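> Dumping the structure here so I can ask a few things about it.
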Amino acid sequence: MALARIDGALTESPDVAAPRRPGRRRRAAPLPTAVLLLGAVYCLLPVVWVLVASTKNNSQLFNTFTFAPNGSLGSNVAALSSYAGGVFWHWMLNSLLYAGGGALLSTTVSALAGYALAKYRFRGRSTLFNTLLAGVLVPPVVLAVPQYLLLAKFGLTDTYWSVLLPSVLSPYGIYLARIYAMSAVPDEVIESARVDGCREGRLFAQIAVPMMVPGLVTVFLFQFVAVWNNFLLPFIMLSDENKFPITVGLYTLLNRGSTAPALYSLVVTGSMLSVIPLIILFLALQRYWRTDIASGAVKQ
Amino acid sequence: MKQARGRTAPRLAPYAFVAPAVALFALLMLIPIGYTVFLSFEKSQVSGLGLGTGARRQVFAGWSNYASGLTDPTFLSSLLRVLVYSLILVPVMLGLALLFALLLDAQRVKFQRFARLAIFLPYAVPTVIASLLWGFLYLPTVSPFPAILARLGLSMPNLFTTNTALFSVANIGVWGGTGFNMIVIYTALRSVPSELYEAARIDGASQLQVALRIKIPMIGPALVLTGVFSVIATLQVFNEPHTLAPLTNTISPDWMPLMKIYDLAFNDQDSYEAAALSVVIAAGMFVLSYGLLRLSNKHVFQGR
């Protein structure tokens with residue numbers, strides 16, 4: 001099991017990895033530093049551009065140099081908020097509902113299954129695990145069409161459930177939860193709890209889950225981002241504009257903009273507003289982005 | 001005590017724990033996959049004059065959906081296009097990810113913390129939104145680039161011609177994917193024991209030599225894995241070209257294989273041929289990822 005515990009690859013000072021040797025002066029190496037900064041500029045460019053562009057009204061957007069801000073942010077937000085009866089904020093709330101609800105349910109299901117696969121010996125365990133693992137390899141986009149056709153048979157398309165339900169199953173989440181249960185919950189703790197007469201359900205909920213929390217936060221975050229970013233599934237399932245998540249909403253707005261360019265400044269402002277919460281979430285929870293699990297997991 | 005130990009192997013509890021996952025797996029994966037395979041061998045037949053609700057019947061089609069799907073020139077050209085796309089995107093993205101990871105791990109490089117966050121940031125931006133942003137940056141009327149290029153005496157090339165559109169889309173993939181892969185590689189680099197290269201450093205090896213001769217070979221497995229997953233992900237590209245399509249006529253509705261499937265299922269209302277192509281792509285993906293992982297296990301993890 002190659003689960004090296006390298007927490008917070010994003011946050012820790014690089015000096016931990018490359019200890020400063022005493023007695024030697026550290027000068028900055030100009031060329032490598034410049035290359036690294038160039039990479040940072042490339043990655044920040046579209047984000048900075050959208051921040052600036054959202055301060056322009058539609059004619060400024062097309063006529064002024066785009067890295068010089070103007071003062072139309074307030075009126076843009078107001079115009080966006082009143083567009084089609086405030087549907088934009090509906091989209092944001094929907095995204096929050098799909099991503100938050102889907103990730104919460106998904107983490108619960110993954111924790112239960114991952115814990116059972118890690119800590120119990122039962123008939124069919126390895127078959128079940130391998131089948132679930134194969135599920136990681138099935139492209140979700142290929143499943144979206146048959147899922148639509150099946151849900152249509154039950155009249156479930158164009159409902160909140162049609163987007164939420166497929167978001168609950170995450171073979172990858174189960175996989176991560178299993179690895180985390182294996183390393184974080186010692187067998188001795190389970191044994192002694194059983195000796196004390198603890199029931200299996202209570203053992204899971206009150207002893208195993210608290211030990212698995214850091215790993216489960218990671219599972220939650222990966223699934224939250226996956227659902228928040230999802231486009232094809234809601235795009236196929238939904239036709240009612242009021243149920244759209246933000247990705248589908250802004251896409252349809254852009255699509256209309258190709259015949260009515262006046263909508264472009266709304267798309268720009270909407271993109272800006274939709275990117276901000278995720279960036280904040282992501283910066284605030286940096287230490288939970290445990291890519292060591294994501295990568296180390298597959299090495300076993 | 002002996003009796004208490006008798007209940008250490010509960011029989012039903014694990015089944016109850018996996019039940020929700022199994023039910024969802026059956027409902028959302030097994031049944032849809034089975035249904036797709038079933039549909040791929042069916043077709044709709046019009047009887048009589050084709051009027052009324054009973055006029056269309058679903059009948060057995062044999063391999064005809066596969067035959068017509070696989071000989072469709074638009075599907076074949078989308079297949080070729082996605083291979084070229086993957087060939088452009090994956091080496092550039094992983095090359096940059098490796099370069100930045102090595103720079104983050106190197107000594108005497110400044111602004112490492114800032115750069116690490118900045119380069120990882122695009123991971124937080126949904127691909128559709130990323131495509132919107134880059135789409136605007138590509139549009140000469142809105143983009144800041146023409147003004148900058150004009151000052152240098154250059155003009156902005158058209159980024160949506162048949163020759164350039166693939167690169168424009170690949171750039172969005174590079175932008176969105178470099179940071180995540182960089183962090184994966186960086187994490188692997190940090191688990192390389194530093195004694196391994198401290199000795200080489202004392203013997204006078206330059207940082208570049210240490211990177212090429214020691215660090216990169218040590219993180220081989222991480223590189224192979226990021227490579228395999230990147231290839232698989234890029235072959236499924238849909239969001240980026242689909243989002244850019246309203247901005248240009250160059251990107252047709254069947255530009256990439258998954259766009260072709262979507263186009264068949266929802267614009268042409270031909271679920272049957274769409275199902276056949278879905279089966280082909282899923283099978284291809286499965287064989288490819290299984291094969292690549294087997295191959296990499298053999299070569300990279302030997303003796304580990």
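A note on labels: chains of the structure tokens are A, B, ... as shown, every chain counts residues from 1, and ligands are counted from 1 in their shown order.
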What are the residues of chain B that have an atom within 6 Å of an atom of chain A, counting only C-alpha atoms, as a list of chain:residue names?
B:Ala4, B:Pro14, B:Phe17, B:Val18, B:Ala21, B:Pro32, B:Thr36, B:Arg108, B:Val109, B:Lys110, B:Ala115, B:Ala118, B:Ile119, B:Ala124, B:Pro126, B:Thr141, B:Val142, B:Pro144, B:Val184, B:Arg190, B:Pro246, B:Ser278
> Using the selection just defined, write its residues with C-alpha atoms as a PDB file, in the first residue's frame.

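Output file out-v4.pdb follows:
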ATOM      1  CA  ALA B   4     -17.304 -12.932  22.553  1.00  0.00           C
ATOM      2  CA  PRO B  14     -20.990  -5.825   5.239  1.00  0.00           C
ATOM      3  CA  PHE B  17     -23.062  -1.443   4.114  1.00  0.00           C
ATOM      4  CA  VAL B  18     -22.412  -2.060   0.412  1.00  0.00           C
ATOM      5  CA  ALA B  21     -23.534   1.397  -3.620  1.00  0.00           C
ATOM      6  CA  PRO B  32     -27.684   1.605 -18.754  1.00  0.00           C
ATOM      7  CA  THR B  36     -27.097   0.524 -24.609  1.00  0.00           C
ATOM      8  CA  ARG B 108      17.014  28.843  -5.269  1.00  0.00           C
ATOM      9  CA  VAL B 109      13.736  29.330  -7.145  1.00  0.00           C
ATOM     10  CA  LYS B 110      11.609  32.145  -5.745  1.00  0.00           C
ATOM     11  CA  ALA B 115       3.204  29.899  -8.377  1.00  0.00           C
ATOM     12  CA  ALA B 118      -1.675  30.144  -9.276  1.00  0.00           C
ATOM     13  CA  ILE B 119      -0.961  27.155 -11.501  1.00  0.00           C
ATOM     14  CA  ALA B 124     -11.283  25.120  -9.649  1.00  0.00           C
ATOM     15  CA  PRO B 126     -15.352  24.327 -14.618  1.00  0.00           C
ATOM     16  CA  THR B 141     -13.435  42.004 -31.000  1.00  0.00           C
ATOM     17  CA  VAL B 142     -13.242  41.361 -27.252  1.00  0.00           C
ATOM     18  CA  PRO B 144      -6.901  42.139 -25.362  1.00  0.00           C
ATOM     19  CA  VAL B 184       0.504  14.955  -8.478  1.00  0.00           C
ATOM     20  CA  ARG B 190       8.681  15.150  -2.459  1.00  0.00           C
ATOM     21  CA  PRO B 246     -21.491  28.878 -30.956  1.00  0.00           C
ATOM     22  CA  SER B 278     -21.193   4.432 -27.439  1.00  0.00           C
TER      23      SER B 278
END
> Where in stretch 88-178 of chain B does DSSP assign helix (DSSP H, G or I), given as a PyMOL selection string?
chain B and resi 88-105+112-124+127-138+145-151+165-178
> Skip B:Leu196 itself and residues of its chain fewer than 2 positions away, then list as a PyMOL selection string all residues within 10 Å of it, counting only C-alpha atoms.
chain B and resi 192-194+198-201+210+214-215+218
> If we count only C-alpha atoms, what is near B:Ser78 at a cut-off of 7 Å, once residues fewer than 4 positions away on the same chain are taken out, given as a short mmCIF file (atom, residue, chain, number, x, y, z; two decimals) with C-alpha atoms, in the first residue's frame?

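In the end it all went to around-v9.cif:
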data_model
loop_
_atom_site.label_atom_id
_atom_site.label_comp_id
_atom_site.auth_asym_id
_atom_site.auth_seq_id
_atom_site.Cartn_x
_atom_site.Cartn_y
_atom_site.Cartn_z
CA THR B 74 -17.75 12.08 -40.11
CA VAL B 82 -9.41 13.33 -31.27
CA ASP B 254 -19.86 16.15 -34.92
CA TRP B 255 -16.34 17.51 -34.45
CA MET B 256 -15.28 14.99 -31.79
CA PRO B 257 -16.50 11.40 -31.26
#
> So how far away is atom CA of A:Ser126 from atom CA of B:Arg11, in Å?
15.8 Å
> Any idea what's packed within 8 Å of A:His90, counting only C-alpha atoms, ignoring anything in its chain fewer than 6 positions away? Could you give it as a count of residues only?
3
